[in-house]
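Visitor: My structure file coords_7.csv, CSV, C-alpha atoms and all ligand atoms, is below:
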chain,number,residue,atom,x,y,z
A,1,MET,CA,26.6,73.5,-40.7
A,2,ASN,CA,24.8,71.0,-38.5
A,3,ARG,CA,26.2,68.5,-35.9
A,4,GLU,CA,26.3,65.6,-38.4
A,5,GLN,CA,28.2,67.6,-41.0
A,6,LEU,CA,30.7,68.8,-38.4
A,7,ILE,CA,31.2,65.2,-37.2
A,8,GLU,CA,31.9,64.0,-40.8
A,9,ILE,CA,34.6,66.7,-41.3
A,10,VAL,CA,36.3,66.0,-38.0
A,11,ARG,CA,36.3,62.3,-38.7
A,12,GLU,CA,38.2,62.9,-42.0
A,13,GLN,CA,41.0,64.6,-40.1
A,14,MET,CA,42.1,61.5,-38.2
A,15,PRO,CA,42.6,57.8,-38.4
A,16,GLU,CA,39.7,55.6,-37.3
A,17,LYS,CA,41.3,54.8,-33.9
A,18,ARG,CA,41.6,58.5,-33.0
A,19,TRP,CA,38.0,59.0,-34.2
A,20,GLN,CA,36.8,56.3,-31.8
A,21,HIS,CA,38.7,58.1,-29.0
A,22,THR,CA,36.9,61.3,-30.0
A,23,LEU,CA,33.5,59.5,-29.8
A,24,GLY,CA,34.5,58.3,-26.4
A,25,VAL,CA,35.4,61.8,-25.2
A,26,MET,CA,32.1,63.1,-26.6
A,27,GLU,CA,30.1,60.5,-24.7
A,28,THR,CA,32.0,60.9,-21.5
A,29,SER,CA,31.9,64.7,-21.7
A,30,VAL,CA,28.1,64.6,-22.0
A,31,ARG,CA,27.8,62.2,-19.1
A,32,LEU,CA,30.1,64.4,-16.9
A,33,ALA,CA,28.2,67.5,-17.9
A,34,GLU,CA,25.0,66.0,-16.8
A,35,GLN,CA,26.5,64.7,-13.6
A,36,TYR,CA,28.2,68.0,-12.6
A,37,GLY,CA,25.7,70.5,-14.0
A,38,ALA,CA,27.4,71.9,-17.1
A,39,ASP,CA,25.8,72.3,-20.6
A,40,PRO,CA,26.0,68.9,-22.3
A,41,ALA,CA,25.7,70.4,-25.8
A,42,LYS,CA,28.7,72.7,-25.1
A,43,ALA,CA,30.7,69.8,-23.6
A,44,GLU,CA,29.9,67.7,-26.7
A,45,LEU,CA,30.9,70.4,-29.1
A,46,ALA,CA,34.3,71.0,-27.4
A,47,ALA,CA,34.8,67.2,-27.3
A,48,ILE,CA,34.1,66.8,-31.1
A,49,LEU,CA,36.8,69.4,-31.9
A,50,HIS,CA,39.3,68.8,-29.1
A,51,ASP,CA,41.8,66.7,-31.1
A,52,TYR,CA,41.0,68.1,-34.6
A,53,CYS,CA,44.7,68.9,-35.3
A,54,LYS,CA,46.2,65.9,-33.5
A,55,TYR,CA,47.2,64.1,-36.8
A,56,TRP,CA,48.3,67.2,-38.7
A,57,GLN,CA,52.0,67.6,-39.5
A,58,VAL,CA,53.6,69.3,-36.5
A,59,ASP,CA,54.7,72.2,-38.6
A,60,GLU,CA,51.1,72.8,-39.7
A,61,GLN,CA,50.1,72.7,-36.1
A,62,ALA,CA,52.7,75.3,-35.2
A,63,GLU,CA,51.7,77.4,-38.2
A,64,VAL,CA,48.1,77.5,-36.9
A,65,VAL,CA,49.2,78.5,-33.4
A,66,ARG,CA,51.4,81.3,-34.8
A,67,GLU,CA,48.5,82.5,-37.0
A,68,SER,CA,46.3,82.6,-33.9
A,69,GLY,CA,48.8,85.1,-32.3
A,70,ARG,CA,48.2,83.6,-28.9
A,71,ASP,CA,49.5,80.7,-26.7
A,72,LEU,CA,52.8,81.2,-28.6
A,73,GLU,CA,54.9,80.1,-25.6
A,74,VAL,CA,53.5,76.6,-26.0
A,75,LEU,CA,55.7,76.3,-29.1
A,76,GLU,CA,58.8,76.3,-26.9
A,77,TYR,CA,57.5,73.1,-25.2
A,78,ASP,CA,56.7,69.6,-26.3
A,79,LYS,CA,55.1,69.2,-29.7
A,80,GLN,CA,52.3,67.0,-28.2
A,81,LEU,CA,50.9,70.2,-26.6
A,82,TRP,CA,50.4,72.1,-29.8
A,83,HIS,CA,47.3,70.4,-31.2
A,84,ALA,CA,45.2,71.8,-28.4
A,85,PRO,CA,45.6,75.6,-29.1
A,86,ALA,CA,45.7,74.8,-32.8
A,87,ALA,CA,42.3,73.2,-32.6
A,88,ALA,CA,40.9,76.1,-30.6
A,89,TRP,CA,41.9,78.5,-33.4
A,90,ILE,CA,40.3,76.2,-36.0
A,91,ALA,CA,37.1,76.0,-34.0
A,92,GLU,CA,37.0,79.8,-33.9
A,93,GLU,CA,38.1,80.6,-37.4
A,94,THR,CA,36.9,77.8,-39.5
A,95,PHE,CA,33.8,76.7,-37.6
A,96,GLN,CA,32.8,80.1,-36.2
A,97,ILE,CA,32.5,79.0,-32.6
A,98,GLU,CA,32.3,82.1,-30.5
A,99,ASP,CA,31.6,80.7,-27.1
A,100,GLU,CA,34.9,81.4,-25.1
A,101,ASP,CA,34.2,78.6,-22.7
A,102,ILE,CA,34.0,76.0,-25.5
A,103,LEU,CA,37.1,77.5,-27.1
A,104,ASN,CA,39.0,77.4,-23.8
A,105,ALA,CA,37.9,73.8,-23.1
A,106,ILE,CA,39.6,72.9,-26.4
A,107,ARG,CA,42.6,75.1,-25.9
A,108,TYR,CA,43.4,73.8,-22.4
A,109,HIS,CA,42.4,70.2,-22.7
A,110,THR,CA,46.0,68.9,-22.7
A,111,SER,CA,47.8,71.4,-20.4
A,112,GLY,CA,45.0,72.5,-18.1
A,113,ARG,CA,45.4,75.9,-16.6
A,114,PRO,CA,44.8,77.5,-13.1
A,115,ASN,CA,41.1,78.4,-12.4
A,116,MET,CA,39.7,76.0,-15.0
A,117,SER,CA,36.0,76.4,-15.7
A,118,LEU,CA,33.6,73.5,-15.1
A,119,LEU,CA,33.5,72.9,-18.9
A,120,GLU,CA,37.3,72.9,-19.2
A,121,LYS,CA,37.6,70.4,-16.4
A,122,ILE,CA,34.9,68.1,-17.9
A,123,VAL,CA,36.6,67.9,-21.3
A,124,GLY,CA,40.1,67.6,-19.8
A,125,LEU,CA,38.9,64.7,-17.5
A,126,ALA,CA,36.8,63.0,-20.3
A,127,ASP,CA,40.0,62.9,-22.4
A,128,TYR,CA,41.7,60.9,-19.6
A,129,ILE,CA,38.9,58.5,-18.8
A,130,GLU,CA,36.9,57.9,-22.0
A,131,PRO,CA,36.1,54.2,-22.4
A,132,GLY,CA,38.9,53.5,-24.9
A,133,ARG,CA,41.6,54.7,-22.5
A,134,ASP,CA,43.7,51.9,-21.0
A,135,PHE,CA,46.7,53.2,-19.1
A,136,PRO,CA,47.9,52.2,-15.6
A,137,GLY,CA,45.6,54.0,-13.1
A,138,VAL,CA,42.8,54.9,-15.4
A,139,GLU,CA,40.3,52.8,-13.3
A,140,ARG,CA,41.2,54.8,-10.3
A,141,LEU,CA,40.5,58.0,-12.2
A,142,ARG,CA,37.1,56.7,-13.3
A,143,GLU,CA,36.3,55.9,-9.7
A,144,LEU,CA,37.4,59.4,-8.5
A,145,ALA,CA,35.3,61.0,-11.4
A,146,ALA,CA,32.2,59.5,-9.9
A,147,THR,CA,32.6,61.6,-6.7
A,148,SER,CA,35.0,64.5,-7.5
A,149,LEU,CA,35.8,66.2,-10.7
A,150,ASP,CA,38.8,68.0,-9.0
A,151,GLU,CA,40.2,64.9,-7.3
A,152,ALA,CA,40.0,63.0,-10.6
A,153,LEU,CA,41.6,65.8,-12.7
A,154,LEU,CA,44.3,66.2,-10.1
A,155,ALA,CA,45.1,62.5,-10.2
A,156,GLY,CA,45.1,62.7,-14.0
A,157,PHE,CA,47.6,65.6,-14.2
A,158,GLU,CA,49.8,64.1,-11.5
A,159,GLY,CA,49.9,60.9,-13.5
A,160,THR,CA,51.0,62.8,-16.6
A,161,ILE,CA,53.6,64.8,-14.7
A,162,ARG,CA,55.0,61.6,-13.1
A,163,VAL,CA,55.4,60.0,-16.5
A,164,LEU,CA,57.2,63.1,-17.8
A,165,LEU,CA,59.5,63.1,-14.8
A,166,ASP,CA,60.3,59.4,-15.2
A,167,GLN,CA,61.2,60.1,-18.8
A,168,ARG,CA,63.3,63.1,-17.8
A,169,LYS,CA,61.1,65.3,-20.0
A,170,ILE,CA,60.4,69.0,-19.6
A,171,VAL,CA,57.1,69.7,-18.0
A,172,TYR,CA,55.0,72.6,-19.5
A,173,PRO,CA,54.9,75.2,-16.7
A,174,LEU,CA,51.1,75.6,-17.2
A,175,THR,CA,50.6,72.0,-16.3
A,176,LEU,CA,52.5,72.4,-13.1
A,177,LEU,CA,50.5,75.6,-12.3
A,178,THR,CA,47.3,73.6,-12.9
A,179,ARG,CA,48.3,70.9,-10.6
A,180,ASN,CA,49.3,73.4,-7.8
A,181,ASP,CA,46.0,75.3,-8.3
A,182,LEU,CA,44.0,72.1,-7.8
A,183,VAL,CA,46.0,71.1,-4.8
A,184,ALA,CA,45.6,74.5,-3.2
A,185,LYS,CA,41.8,74.5,-3.8
A,186,LEU,CA,41.3,70.9,-2.6
A,187,ASN,CA,43.2,71.9,0.6
A,188,MET,CA,41.1,75.0,1.3
B,201,LIG,O1,45.5,64.2,-27.5
B,201,LIG,P1,45.3,63.0,-26.6
B,201,LIG,O2,46.3,61.9,-26.8
B,201,LIG,O3,43.9,62.5,-26.6
B,201,LIG,O4,45.5,63.5,-25.1
B,201,LIG,P2,46.3,64.9,-24.6
B,201,LIG,O5,45.9,66.0,-25.4
B,201,LIG,O6,46.2,65.0,-23.2
B,201,LIG,O7,47.8,64.3,-25.0
B,201,LIG,C1,48.8,65.1,-25.1
B,201,LIG,C2,50.1,64.3,-24.6
B,201,LIG,O8,51.0,65.3,-24.4
B,201,LIG,C3,49.9,63.6,-23.3
B,201,LIG,O9,50.0,62.2,-23.6
B,201,LIG,C4,51.2,63.9,-22.6
B,201,LIG,C5,52.0,64.8,-23.5
B,201,LIG,N1,52.7,65.9,-22.9
B,201,LIG,C6,54.0,66.2,-23.1
B,201,LIG,N2,54.4,67.2,-22.3
B,201,LIG,C7,53.3,67.6,-21.6
B,201,LIG,C8,52.2,66.7,-21.9
B,201,LIG,N3,51.1,66.8,-21.3
B,201,LIG,C9,50.9,67.8,-20.4
B,201,LIG,N4,49.7,68.0,-19.8
B,201,LIG,N5,51.9,68.6,-20.0
B,201,LIG,C10,53.2,68.5,-20.6
B,201,LIG,O10,54.1,69.3,-20.2
B,202,FE,FE,44.5,66.0,-27.2
B,203,FE,FE,42.0,63.5,-26.8
So that I can check it, write out the structure of this file as structure tokens.

Guide:
Amino acid sequence: MNREQLIEIVREQMPEKRWQHTLGVMETSVRLAEQYGADPAKAELAAILHDYCKYWQVDEQAEVVRESGRDLEVLEYDKQLWHAPAAAWIAEETFQIEDEDILNAIRYHTSGRPNMSLLEKIVGLADYIEPGRDFPGVERLRELAATSLDEALLAGFEGTIRVLLDQRKIVYPLTLLTRNDLVAKLNM
């Protein structure tokens, strides 16, 4: 399967608006990869697939995560987190992607994790700042992204955590560990 065929299949999984978001994440991931010295082709492939399962029924997302036999603890937390490990499993099983870095960039694009690779950071940050995003603070993230991947990603996760706290929601522990890891490294 070539790039164009994959893109068509991904596009069919989601409404047009979410597809436009995916295009934005692809474009931004490639740009950040060029800027920070990652492989643009890997960044684009992870971006193409990152939200593959976003519009599936949540029970289907959960089923895919269970089938994968990993990341099972995520099912005890917010449903919005499930599409990321689900998409990583589809990427591996359905699309035969074997590159662990690409799979992890998909798997951890929502939650993050401590010790994120360059590629994981790029896709996670691109998801926050792609051109279609319009939330309070996104301009600040775009500015930070021009000079520091880690500062921008930290600000992104802190914004997400803040919103969850304000809504009295449970925060996925991995997201907190990711935030703490970035703070510790930026303070070294
Ligand atoms: O899929 P997208 O909308 O493009 O972006 P995403 O994968 O980052 O979105 C997932 C949503 O999950 C995000 O808007 C916030 C929500 N969420 C709920 N609980 C948590 C969480 N996100 C993180 N990082 N951690 C949580 O505990
Ligand atoms: Fe997502
Ligand atoms: Fe996304």

Visitor: Please identify all polymer residues within 6 Å of region 122-133 of chain A, counting only C-alpha atoms, omitting same-chain residues fewer than 2 positions from it, and present them as a list of chain:residue names.

Guide: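 After dropping sequence-adjacent residues, the list is A:Gly24, A:Val25, A:Thr28, A:Ser29, A:His109, A:Leu119, A:Glu120, A:Leu153.
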
Visitor: Counting all atoms listed in the file, what residues are within 6 Å of ligand LIG 201 (chain B), given as a list of chain:residue names?

Guide: A:Asp51, A:Asp78, A:Gln80, A:Leu81, A:Thr110, A:Ser111, A:Asp127, A:Val171, A:Tyr172, A:Thr175

Visitor: Determine, counting only C-alpha atoms, every residue of protein, DNA or RNA that lies within 10 Å of (39.1, 54.6, -13.5) in the file coordinates, then give the result as a short mmCIF file (atom, residue, chain, number, x, y, z; two decimals) with C-alpha atoms, in the coordinates of the input.

Guide:
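Wrote it out as result_9.cif, contents follow:
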data_model
loop_
_atom_site.label_atom_id
_atom_site.label_comp_id
_atom_site.auth_asym_id
_atom_site.auth_seq_id
_atom_site.Cartn_x
_atom_site.Cartn_y
_atom_site.Cartn_z
CA TYR A 128 41.70 60.90 -19.60
CA ILE A 129 38.90 58.50 -18.80
CA GLU A 130 36.90 57.90 -22.00
CA PRO A 131 36.10 54.20 -22.40
CA ARG A 133 41.60 54.70 -22.50
CA ASP A 134 43.70 51.90 -21.00
CA PHE A 135 46.70 53.20 -19.10
CA PRO A 136 47.90 52.20 -15.60
CA GLY A 137 45.60 54.00 -13.10
CA VAL A 138 42.80 54.90 -15.40
CA GLU A 139 40.30 52.80 -13.30
CA ARG A 140 41.20 54.80 -10.30
CA LEU A 141 40.50 58.00 -12.20
CA ARG A 142 37.10 56.70 -13.30
CA GLU A 143 36.30 55.90 -9.70
CA LEU A 144 37.40 59.40 -8.50
CA ALA A 145 35.30 61.00 -11.40
CA ALA A 146 32.20 59.50 -9.90
CA ALA A 152 40.00 63.00 -10.60
#

Visitor: So that I can check the surroundings of Glu12 (chain A), please list as JSON, numbers by chain every protein, DNA and RNA residue that reaches within 10 Å of it, counting only C-alpha atoms and ignoring chain neighbours fewer than 5 positions away.

Guide: {"A": [7, 19, 52]}

Visitor: What does the distance between CA of Thr178 (chain A) and CA of Pro114 (chain A) come to in Å, to one decimal place?

Guide: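 Computing the Euclidean distance for CA of Thr178 (chain A) and CA of Pro114 (chain A) yields 4.6 Å.
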
Visitor: Return the single residue from A:Pro173, A:Gly156, A:Pro15, A:Pro85 that is closest to Asn104 (chain A), with distances computed using only C-alpha atoms.

Guide: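 Ranking A:Pro173, A:Gly156, A:Pro15, A:Pro85 by distance to Asn104 (chain A), first place goes to A:Pro85.
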
Visitor: Using Å and a single decimal, report how far CA of Gln96 (chain A) sits from CA of Gln61 (chain A).

Guide: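 Taking CA of Gln61 (chain A) as the start and CA of Gln96 (chain A) as the end point, the length is 18.8 Å.
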
Visitor: Quick one: distance from CA of Ala47 (chain A) to CA of Met26 (chain A) in Å, one decimal?

Guide: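 CA of Met26 (chain A) lies 5.0 Å from CA of Ala47 (chain A).
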
Visitor: For each of A:Lys17, A:Glu63, A:Glu100, A:Tyr36, take the minimum atom-to-atom distance to ligand FE 203 (chain B), counting only C-alpha atoms and all ligand atoms, then give the residue where this is smallest.

Guide: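 For ligand FE 203 (chain B), the nearest of the given residues is A:Lys17.
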
Visitor: Determine the nearest neighbour of ligand FE 202 (chain B) from the options A:Phe157, A:Tyr108, A:Trp89, A:Tyr77, counting all atoms listed in the file.

Guide: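 Closest to ligand FE 202 (chain B), using all atoms listed in the file: A:Tyr108.
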
Visitor: Pick out the residues sitting within 9 Å of region 182-184 of chain A, and hand them over as a list in words; count all atoms listed in the file, and ignore anything fewer than 5 positions along from it in its own chain.

Guide: Pro114, Asn115, Asp150, Glu151, Leu153, Leu154 and Leu177 of chain A

Visitor: Out of A:Leu49, A:Val64, A:Ile161, A:Leu174, which residue has the shortest atom-to-atom distance to Phe95 (chain A) when counting all atoms listed in the file?

Guide: A:Leu49

Visitor: With distances taken over all atoms listed in the file, which residue among A:Gln35, A:Gln57, A:Thr94, A:Asn2 lies nearest Lys79 (chain A)?

Guide: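 Among the listed residues, A:Gln57 lies closest to Lys79 (chain A).
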